[in-house]
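See structure below.
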Amino acid sequence: MITKDNFFSNSLIKSYINDLNEHLNKLPPDERRQHILEIESHLFSIAVDKEKEGISINQLPQEVLKEFSSPNILASEILSEYEEDIQREDNKKSLQLFSYSTSLSIGGFGAFAVPIAYNLINLSAMLPFFLALIIGNLMLVFGKLDWNSYLLKRFKKIIAFRNYILGIAFGAFAIQIIFSHKVNSFSVYYLIIYVICTFIYFEFLKYVYNKKNNEKPSQG
Amino acid sequence: MLIIYNKNMKNDTWIIQLRKGVFELAILSLINIRPMYGYEITSALNNIPAFEIANGSIYPILKRLTKNNWAISFWEDSIDGPKRKYYQITKEGSKVLKERMEEYKQVYDALMLLGKEGKQVDNKG
């Protein structure tokens, strides 16, 4: 008589369950587990009935799986019921990644205005901000983001930050004048370079925006 | 009885769509009698040619029913095998079942009437 242990230790059954589990990996672990347990129970019930019909224990796994939808078809049918939840979760992850990317990128770039106020540049202190700028931009360009309408709208708003960044640079320049009572040539040159870089940087962001807008995969 | 299935039209998308909605009602009708588990529901459906369904395909529909709060589920031990997940109809499910059955009956009656009248008109012509 077939038992739970010998049925589920069969390689065919194991492989079917593993495949199904892999195909359902987009589901939260608890939901996935519930589906797997339910399918296991179903498979075993068919096996019990097949055994009653006279099919030998050795042939049972094969015969049971013959009557079952393949793991990828079954998984896609199940996942279709979670489409909205999965999409919502993907959007949430995308929004989080986008927030990190833009914070690192804009924050990193903004920090480069500080030397204008101090009238000196400390390269080692600037290194983390430089890295943040690079990582932030790499995440924006190559990160797995779902560029939907909402994310693009947010990105457009971020691009409008250019004037704030310029404001910070000129504010830093004003601070430098207030505290040193003179216009330092380093600050002036640095300010000019910073302003040029700001325009280049935001042009780059605009380019990324247009590129992502053109290859937008979904709406919503 | 509703005639919803024709073997020659198995792959017709209209039939597939129609069956999709009808399956929800068929399952609700079954669990309206008593709580049932997936294999039990599949076996009961497969006894009726119009409701033949592949093993496993029932679970997305059951998920939809619980998501809509038309059914609730609970686990129970089984003597000879793994635990079983039972489905039980809710008050909301019973209401939906009653309403939709009436709707289906009306549509079916209207279609049959049209069919009869169509024949009569055709004979006169």
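Ligands are numbered from 1 in the order shown, chains are lettered A, B, ... in the order of the structure tokens, and residues start at 1 in each chain.
Every chain A residue lying within 8 Å of chain B, based on only C-alpha atoms, is listed here: A:Thr3, A:Lys4, A:Leu37, A:Glu38, A:Ile39, A:Glu40, A:Ser41, A:His42, A:Phe44, A:Ser45, A:Ile46, A:Glu67, A:Phe68, A:Ser69, A:Leu74, A:Glu77, A:Ile78, A:Leu79, A:Ser80, A:Glu81.
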*Out of range 24-168 of chain A, which residues get alpha helix (DSSP H) from DSSP, as an MDAnalysis selection string?*
chainID A and resid 29:52 60:66 71:80 83:111 114:118 123:142 149:159 162:168
*Shell of 10 Å around range 8-24 of chain A, only C-alpha atoms, local chain residues under 2 positions omitted, as a PyMOL selection string*: chain A and resi 3-6+26-29+31-33+35-37+39-40+43-44+58+60-62+64-65+70-76+78-79
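Taking only C-alpha atoms, the non-local environment of Ser99 in chain A within 12 Å (same-chain residues fewer than 2 positions away omitted) comprises Lys92, Lys93, Ser94, Leu95, Gln96, Leu97, Ser101, Thr102, Ser103, Leu104, Ser105, Ile106, Gly107, Gly136, Asn137, Met139, Leu140, Gly143, Leu145, Leu151, Arg154, Phe155 and Ile158 of chain A.
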For the selection just defined, write its residues with N, CA and C atoms to a file, as a PDB file, in the first residue's frame.
```pdb
ATOM      1  N   LYS A  92       6.253  48.691  -6.005  1.00  0.00           N
ATOM      2  CA  LYS A  92       6.762  49.152  -4.709  1.00  0.00           C
ATOM      3  C   LYS A  92       8.293  49.034  -4.675  1.00  0.00           C
ATOM      4  N   LYS A  93       8.794  47.887  -5.157  1.00  0.00           N
ATOM      5  CA  LYS A  93      10.239  47.660  -5.179  1.00  0.00           C
ATOM      6  C   LYS A  93      10.919  48.665  -6.100  1.00  0.00           C
ATOM      7  N   SER A  94      10.282  48.914  -7.266  1.00  0.00           N
ATOM      8  CA  SER A  94      10.835  49.855  -8.226  1.00  0.00           C
ATOM      9  C   SER A  94      10.923  51.253  -7.628  1.00  0.00           C
ATOM     10  N   LEU A  95       9.865  51.628  -6.926  1.00  0.00           N
ATOM     11  CA  LEU A  95       9.817  52.962  -6.345  1.00  0.00           C
ATOM     12  C   LEU A  95      10.899  53.121  -5.278  1.00  0.00           C
ATOM     13  N   GLN A  96      11.103  52.050  -4.499  1.00  0.00           N
ATOM     14  CA  GLN A  96      12.147  52.071  -3.459  1.00  0.00           C
ATOM     15  C   GLN A  96      13.518  52.225  -4.097  1.00  0.00           C
ATOM     16  N   LEU A  97      13.784  51.409  -5.108  1.00  0.00           N
ATOM     17  CA  LEU A  97      15.079  51.444  -5.786  1.00  0.00           C
ATOM     18  C   LEU A  97      15.299  52.805  -6.440  1.00  0.00           C
ATOM     19  N   SER A 101      18.268  55.404  -5.674  1.00  0.00           N
ATOM     20  CA  SER A 101      19.137  55.824  -6.791  1.00  0.00           C
ATOM     21  C   SER A 101      19.193  57.347  -6.885  1.00  0.00           C
ATOM     22  N   THR A 102      18.033  57.987  -6.875  1.00  0.00           N
ATOM     23  CA  THR A 102      18.015  59.445  -7.047  1.00  0.00           C
ATOM     24  C   THR A 102      18.593  60.148  -5.815  1.00  0.00           C
ATOM     25  N   SER A 103      18.361  59.588  -4.617  1.00  0.00           N
ATOM     26  CA  SER A 103      18.926  60.206  -3.411  1.00  0.00           C
ATOM     27  C   SER A 103      20.447  60.167  -3.484  1.00  0.00           C
ATOM     28  N   LEU A 104      20.985  59.012  -3.873  1.00  0.00           N
ATOM     29  CA  LEU A 104      22.445  58.887  -3.972  1.00  0.00           C
ATOM     30  C   LEU A 104      22.990  59.820  -5.045  1.00  0.00           C
ATOM     31  N   SER A 105      22.302  59.831  -6.181  1.00  0.00           N
ATOM     32  CA  SER A 105      22.784  60.616  -7.312  1.00  0.00           C
ATOM     33  C   SER A 105      22.713  62.128  -7.022  1.00  0.00           C
ATOM     34  N   ILE A 106      21.538  62.611  -6.687  1.00  0.00           N
ATOM     35  CA  ILE A 106      21.353  64.054  -6.451  1.00  0.00           C
ATOM     36  C   ILE A 106      22.113  64.488  -5.188  1.00  0.00           C
ATOM     37  N   GLY A 107      21.989  63.658  -4.133  1.00  0.00           N
ATOM     38  CA  GLY A 107      22.687  63.978  -2.876  1.00  0.00           C
ATOM     39  C   GLY A 107      24.188  64.048  -3.097  1.00  0.00           C
ATOM     40  N   GLY A 136      24.549  55.806  -7.708  1.00  0.00           N
ATOM     41  CA  GLY A 136      23.182  56.276  -7.951  1.00  0.00           C
ATOM     42  C   GLY A 136      22.857  56.307  -9.436  1.00  0.00           C
ATOM     43  N   ASN A 137      23.795  56.827 -10.226  1.00  0.00           N
ATOM     44  CA  ASN A 137      23.543  56.912 -11.674  1.00  0.00           C
ATOM     45  C   ASN A 137      23.546  55.535 -12.346  1.00  0.00           C
ATOM     46  N   MET A 139      22.627  52.799 -10.923  1.00  0.00           N
ATOM     47  CA  MET A 139      21.350  52.176 -10.553  1.00  0.00           C
ATOM     48  C   MET A 139      20.211  52.726 -11.405  1.00  0.00           C
ATOM     49  N   LEU A 140      20.265  54.017 -11.682  1.00  0.00           N
ATOM     50  CA  LEU A 140      19.209  54.636 -12.502  1.00  0.00           C
ATOM     51  C   LEU A 140      19.224  54.085 -13.931  1.00  0.00           C
ATOM     52  N   GLY A 143      19.601  49.711 -13.279  1.00  0.00           N
ATOM     53  CA  GLY A 143      18.807  49.035 -12.238  1.00  0.00           C
ATOM     54  C   GLY A 143      17.532  48.439 -12.807  1.00  0.00           C
ATOM     55  N   LEU A 145      14.333  48.594 -12.852  1.00  0.00           N
ATOM     56  CA  LEU A 145      13.207  49.462 -12.489  1.00  0.00           C
ATOM     57  C   LEU A 145      12.095  49.296 -13.497  1.00  0.00           C
ATOM     58  N   LEU A 151       6.531  56.389 -12.104  1.00  0.00           N
ATOM     59  CA  LEU A 151       7.971  56.536 -11.863  1.00  0.00           C
ATOM     60  C   LEU A 151       8.558  57.617 -12.772  1.00  0.00           C
ATOM     61  N   ARG A 154       7.746  60.975 -11.442  1.00  0.00           N
ATOM     62  CA  ARG A 154       8.639  61.298 -10.309  1.00  0.00           C
ATOM     63  C   ARG A 154      10.002  61.734 -10.818  1.00  0.00           C
ATOM     64  N   PHE A 155      10.469  61.036 -11.836  1.00  0.00           N
ATOM     65  CA  PHE A 155      11.790  61.339 -12.402  1.00  0.00           C
ATOM     66  C   PHE A 155      11.793  62.754 -12.993  1.00  0.00           C
ATOM     67  N   ILE A 158      12.203  65.196 -10.332  1.00  0.00           N
ATOM     68  CA  ILE A 158      13.594  65.205  -9.831  1.00  0.00           C
ATOM     69  C   ILE A 158      14.463  66.072 -10.757  1.00  0.00           C
TER      70      ILE A 158
END
```
